[in-house]
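A short write-up of the structure that comes next.
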Amino acid sequence: MKYRVLITVLGCALLTLGLMTAVEDKPLERLGNEAAFEADSLYSLNRFVQAAEKYEVAYNYFIRAEQEDNIPLVDKIAQMLTNMQTAYYQGGDFENTIRVINKRLELEPNNDVFARQIAQIYERDLNDRVRAIETLERFDENNPNFTVRRTIARLYTAQEDDANALRWFEKTFELRQDADVLQNIA
């Protein structure tokens, strides 16, 4: 009887070791695909933060596969970032949402949509207009943009900082002679 138990335990240990080795033998891209599939399942169950964390696991596998296996996975990496952003936001984890959008902004430094999304989260979800303004001003330093400047001016107006609002409306008008902006200056 003791031999049967011993043989069973050894068999289970060998099986577990074999399964662990099998996971390690899988290509990184496949591990990423599996993690993404799990994340999709979690997302469909409205377990948003857990889904975002799984998307992040998939993202890391895809990054490693691109670096270590020289597999071009730009589209999958971008999709995981999009999925992570959406899932973290839906789960109410705004700090991680901002962190992920910043990663997207690093990949596309001229994309004003990402900068405006960060500012919108600071303004609407975290009630922090100062950080929203800082984010947009940092973006504007290297990427002068009509919409970004108009948003900065609007945020200063909402804070009743008329001097800075006027300054930013004037900067906005320099980029495009817009009637609405001119009305705000007046």
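Residues in the structure tokens are named by chain (A, B, ... in the order shown) and by number from 1 within that chain; ligands are numbered from 1 in the order shown.
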- So which residues touch range 85-94 of chain A within 9 Å, counting only C-alpha atoms, skipping near sequence neighbours fewer than 5 positions away, as a ChimeraX atom specification? /A:43,46-53,55,80,99-101,121-122,125-126
Mind dumping the selected residues with N, CA and C atoms as a JSON list (two decimals), in the first residue's frame?
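Wrote it out as selection02.json, contents follow:
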```json
[["chain", "number", "residue", "atom", "x", "y", "z"],
["A", 43, "TYR", "N", -12.38, 40.28, -19.28],
["A", 43, "TYR", "CA", -13.04, 41.52, -19.65],
["A", 43, "TYR", "C", -14.52, 41.28, -19.93],
["A", 46, "ASN", "N", -16.65, 41.38, -17.02],
["A", 46, "ASN", "CA", -16.61, 42.68, -16.33],
["A", 46, "ASN", "C", -15.62, 42.70, -15.17],
["A", 47, "ARG", "N", -14.60, 41.91, -15.26],
["A", 47, "ARG", "CA", -13.51, 41.91, -14.27],
["A", 47, "ARG", "C", -12.38, 42.71, -14.89],
["A", 48, "PHE", "N", -12.59, 44.02, -14.96],
["A", 48, "PHE", "CA", -11.77, 44.90, -15.78],
["A", 48, "PHE", "C", -10.32, 45.02, -15.32],
["A", 49, "VAL", "N", -10.09, 45.23, -14.04],
["A", 49, "VAL", "CA", -8.72, 45.41, -13.55],
["A", 49, "VAL", "C", -7.93, 44.11, -13.73],
["A", 50, "GLN", "N", -8.56, 42.97, -13.43],
["A", 50, "GLN", "CA", -7.89, 41.69, -13.63],
["A", 50, "GLN", "C", -7.60, 41.48, -15.12],
["A", 51, "ALA", "N", -8.51, 41.88, -15.98],
["A", 51, "ALA", "CA", -8.29, 41.77, -17.42],
["A", 51, "ALA", "C", -7.12, 42.65, -17.83],
["A", 52, "ALA", "N", -7.08, 43.86, -17.31],
["A", 52, "ALA", "CA", -5.98, 44.78, -17.65],
["A", 52, "ALA", "C", -4.64, 44.20, -17.22],
["A", 53, "GLU", "N", -4.60, 43.58, -16.05],
["A", 53, "GLU", "CA", -3.36, 42.97, -15.57],
["A", 53, "GLU", "C", -2.93, 41.83, -16.49],
["A", 55, "TYR", "N", -3.76, 41.61, -19.71],
["A", 55, "TYR", "CA", -3.31, 42.25, -20.95],
["A", 55, "TYR", "C", -1.87, 42.73, -20.80],
["A", 80, "MET", "N", -2.48, 45.54, -27.25],
["A", 80, "MET", "CA", -2.48, 45.27, -25.81],
["A", 80, "MET", "C", -2.50, 46.58, -25.02],
["A", 99, "ARG", "N", -0.71, 55.73, -16.71],
["A", 99, "ARG", "CA", 0.60, 55.09, -16.96],
["A", 99, "ARG", "C", 0.62, 54.44, -18.34],
["A", 100, "VAL", "N", -0.46, 53.75, -18.69],
["A", 100, "VAL", "CA", -0.53, 53.06, -19.98],
["A", 100, "VAL", "C", -0.61, 54.08, -21.12],
["A", 101, "ILE", "N", -1.39, 55.13, -20.94],
["A", 101, "ILE", "CA", -1.48, 56.14, -22.00],
["A", 101, "ILE", "C", -0.12, 56.80, -22.19],
["A", 121, "ILE", "N", -8.62, 62.69, -17.90],
["A", 121, "ILE", "CA", -8.71, 61.84, -16.70],
["A", 121, "ILE", "C", -8.37, 62.65, -15.46],
["A", 122, "TYR", "N", -7.29, 63.47, -15.57],
["A", 122, "TYR", "CA", -6.95, 64.31, -14.41],
["A", 122, "TYR", "C", -8.09, 65.26, -14.07],
["A", 125, "ASP", "N", -11.93, 62.78, -13.79],
["A", 125, "ASP", "CA", -11.98, 61.62, -12.89],
["A", 125, "ASP", "C", -11.22, 61.83, -11.59],
["A", 126, "LEU", "N", -10.13, 62.59, -11.66],
["A", 126, "LEU", "CA", -9.31, 62.80, -10.46],
["A", 126, "LEU", "C", -9.45, 64.21, -9.90]]
```
- Message: Among range 8-161 of chain A, which ones does DSSP assign to alpha helix (DSSP H) (computed from the backbone)? Answer as a ChimeraX atom specification.
- Response: /A:8-25,28-44,48-68,74-90,94-107,112-120,129-142,146-158
- Exercise: Asn70 in chain A partners within 12 Å, only C-alpha atoms, chain neighbours under 6 positions left out, as a PyMOL selection string: chain A and resi 27-29+62-64
Prev. selection, N, CA, C and O atoms, output as a compact mmCIF listing (two decimals), in the first residue's frame:
```
# COMPACT_ATOMS: atom_id res chain seq x y z
N PRO A 27 6.68 29.21 -27.27
CA PRO A 27 7.23 30.49 -27.73
C PRO A 27 6.58 31.66 -26.99
O PRO A 27 5.41 31.59 -26.59
N LEU A 28 7.33 32.74 -26.85
CA LEU A 28 6.84 33.90 -26.11
C LEU A 28 5.58 34.48 -26.76
O LEU A 28 4.65 34.90 -26.06
N GLU A 29 5.53 34.49 -28.08
CA GLU A 29 4.35 35.03 -28.74
C GLU A 29 3.11 34.21 -28.39
O GLU A 29 2.03 34.76 -28.14
N PHE A 62 4.82 39.91 -25.51
CA PHE A 62 5.01 40.39 -26.88
C PHE A 62 6.26 41.26 -26.99
O PHE A 62 7.00 41.15 -27.97
N ILE A 63 6.52 42.07 -25.99
CA ILE A 63 7.74 42.89 -25.97
C ILE A 63 8.97 41.98 -25.97
O ILE A 63 9.91 42.17 -26.74
N ARG A 64 8.95 40.98 -25.09
CA ARG A 64 10.08 40.04 -25.02
C ARG A 64 10.24 39.27 -26.33
O ARG A 64 11.37 39.06 -26.79
```
- Task: Could you jot down the CA of Ala153 in chain A to CA of Leu166 in chain A separation for me, Å, one decimal place?
- Result: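 CA of Ala153 in chain A sits 7.1 Å away from CA of Leu166 in chain A.
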- Task: Find the distance between CA of Ala36 in chain A and CA of Arg116 in chain A and write it in Å to one decimal.
- Result: 27.2 Å
- Item | Neighbour list for Gln120 in chain A as number ranges by chain, cut-off 12 Å, only C-alpha atoms, skip fewer than 2 positions in-chain | A: 89, 94, 97-98, 101, 113-118, 122-136, 148, 151-152, 155
Selection above as a file: N, CA, C and O atoms, as a compact mmCIF listing (two decimals), in the first residue's frame:
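File produced: out-v9.txt:
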```txt
# COMPACT_ATOMS: atom_id res chain seq x y z
N TYR A 89 -9.35 51.78 -17.31
CA TYR A 89 -10.29 52.88 -17.19
C TYR A 89 -11.67 52.36 -16.75
O TYR A 89 -12.28 52.91 -15.85
N PHE A 94 -7.48 54.76 -12.44
CA PHE A 94 -7.09 55.88 -13.30
C PHE A 94 -5.58 56.10 -13.33
O PHE A 94 -5.04 56.52 -14.36
N THR A 97 -4.31 53.73 -15.79
CA THR A 97 -4.76 54.18 -17.11
C THR A 97 -3.81 55.24 -17.63
O THR A 97 -3.35 55.17 -18.79
N ILE A 98 -3.47 56.20 -16.79
CA ILE A 98 -2.54 57.26 -17.19
C ILE A 98 -1.17 56.68 -17.51
O ILE A 98 -0.53 57.07 -18.50
N ILE A 101 -1.39 55.13 -20.94
CA ILE A 101 -1.48 56.14 -22.00
C ILE A 101 -0.12 56.80 -22.19
O ILE A 101 0.27 57.12 -23.32
N VAL A 113 -4.09 63.24 -29.07
CA VAL A 113 -5.24 62.56 -28.46
C VAL A 113 -4.83 61.94 -27.13
O VAL A 113 -5.56 62.03 -26.14
N PHE A 114 -3.65 61.32 -27.09
CA PHE A 114 -3.19 60.69 -25.85
C PHE A 114 -2.98 61.73 -24.75
O PHE A 114 -3.38 61.52 -23.60
N ALA A 115 -2.35 62.85 -25.10
CA ALA A 115 -2.13 63.91 -24.11
C ALA A 115 -3.46 64.44 -23.60
O ALA A 115 -3.63 64.66 -22.39
N ARG A 116 -4.43 64.61 -24.50
CA ARG A 116 -5.74 65.11 -24.09
C ARG A 116 -6.49 64.08 -23.25
O ARG A 116 -7.24 64.45 -22.34
N GLN A 117 -6.30 62.80 -23.53
CA GLN A 117 -6.95 61.77 -22.71
C GLN A 117 -6.41 61.80 -21.28
O GLN A 117 -7.18 61.70 -20.32
N ILE A 118 -5.11 61.96 -21.15
CA ILE A 118 -4.51 62.05 -19.81
C ILE A 118 -5.08 63.26 -19.08
O ILE A 118 -5.49 63.16 -17.92
N TYR A 122 -7.29 63.47 -15.57
CA TYR A 122 -6.95 64.31 -14.41
C TYR A 122 -8.09 65.26 -14.07
O TYR A 122 -8.45 65.42 -12.91
N GLU A 123 -8.67 65.87 -15.10
CA GLU A 123 -9.71 66.86 -14.85
C GLU A 123 -11.01 66.24 -14.36
O GLU A 123 -11.54 66.62 -13.32
N ARG A 124 -11.53 65.26 -15.09
CA ARG A 124 -12.88 64.75 -14.81
C ARG A 124 -12.91 63.66 -13.75
O ARG A 124 -13.83 63.60 -12.94
N ASP A 125 -11.93 62.78 -13.79
CA ASP A 125 -11.98 61.62 -12.89
C ASP A 125 -11.22 61.83 -11.59
O ASP A 125 -11.58 61.27 -10.56
N LEU A 126 -10.13 62.59 -11.66
CA LEU A 126 -9.31 62.80 -10.46
C LEU A 126 -9.45 64.21 -9.90
O LEU A 126 -8.78 64.54 -8.91
N ASN A 127 -10.26 65.04 -10.55
CA ASN A 127 -10.50 66.42 -10.10
C ASN A 127 -9.20 67.18 -9.83
O ASN A 127 -9.03 67.82 -8.79
N ASP A 128 -8.27 67.08 -10.77
CA ASP A 128 -6.96 67.72 -10.62
C ASP A 128 -6.65 68.51 -11.89
O ASP A 128 -5.92 68.05 -12.76
N ARG A 129 -7.22 69.71 -11.97
CA ARG A 129 -7.00 70.55 -13.16
C ARG A 129 -5.54 70.97 -13.31
O ARG A 129 -5.06 71.13 -14.43
N VAL A 130 -4.86 71.15 -12.20
CA VAL A 130 -3.46 71.58 -12.26
C VAL A 130 -2.62 70.54 -13.01
O VAL A 130 -1.84 70.89 -13.91
N ARG A 131 -2.79 69.27 -12.68
CA ARG A 131 -2.03 68.22 -13.38
C ARG A 131 -2.48 68.09 -14.83
O ARG A 131 -1.69 67.77 -15.71
N ALA A 132 -3.75 68.34 -15.09
CA ALA A 132 -4.24 68.32 -16.47
C ALA A 132 -3.54 69.40 -17.28
O ALA A 132 -3.05 69.14 -18.40
N ILE A 133 -3.45 70.58 -16.72
CA ILE A 133 -2.77 71.69 -17.40
C ILE A 133 -1.30 71.37 -17.60
O ILE A 133 -0.75 71.57 -18.69
N GLU A 134 -0.64 70.86 -16.56
CA GLU A 134 0.79 70.51 -16.66
C GLU A 134 1.03 69.51 -17.78
O GLU A 134 2.00 69.63 -18.54
N THR A 135 0.17 68.51 -17.88
CA THR A 135 0.30 67.49 -18.92
C THR A 135 0.23 68.12 -20.30
O THR A 135 1.07 67.84 -21.17
N LEU A 136 -0.76 68.96 -20.50
CA LEU A 136 -0.93 69.58 -21.82
C LEU A 136 0.17 70.59 -22.13
O LEU A 136 0.62 70.69 -23.28
N VAL A 148 -4.96 71.43 -28.24
CA VAL A 148 -4.31 71.35 -26.93
C VAL A 148 -4.26 72.74 -26.29
O VAL A 148 -4.61 72.89 -25.11
N THR A 151 -7.63 73.82 -25.12
CA THR A 151 -8.01 73.09 -23.90
C THR A 151 -7.31 73.67 -22.68
O THR A 151 -7.92 73.82 -21.61
N ILE A 152 -6.03 74.01 -22.83
CA ILE A 152 -5.30 74.64 -21.72
C ILE A 152 -5.99 75.95 -21.33
O ILE A 152 -6.22 76.21 -20.14
N LEU A 155 -9.14 75.26 -19.46
CA LEU A 155 -8.88 74.81 -18.09
C LEU A 155 -8.51 75.99 -17.19
O LEU A 155 -8.95 76.05 -16.03
```
- Note on the structure: CA of Asn60 in chain A sits from CA of Asn110 in chain A at a separation of 24.0 Å
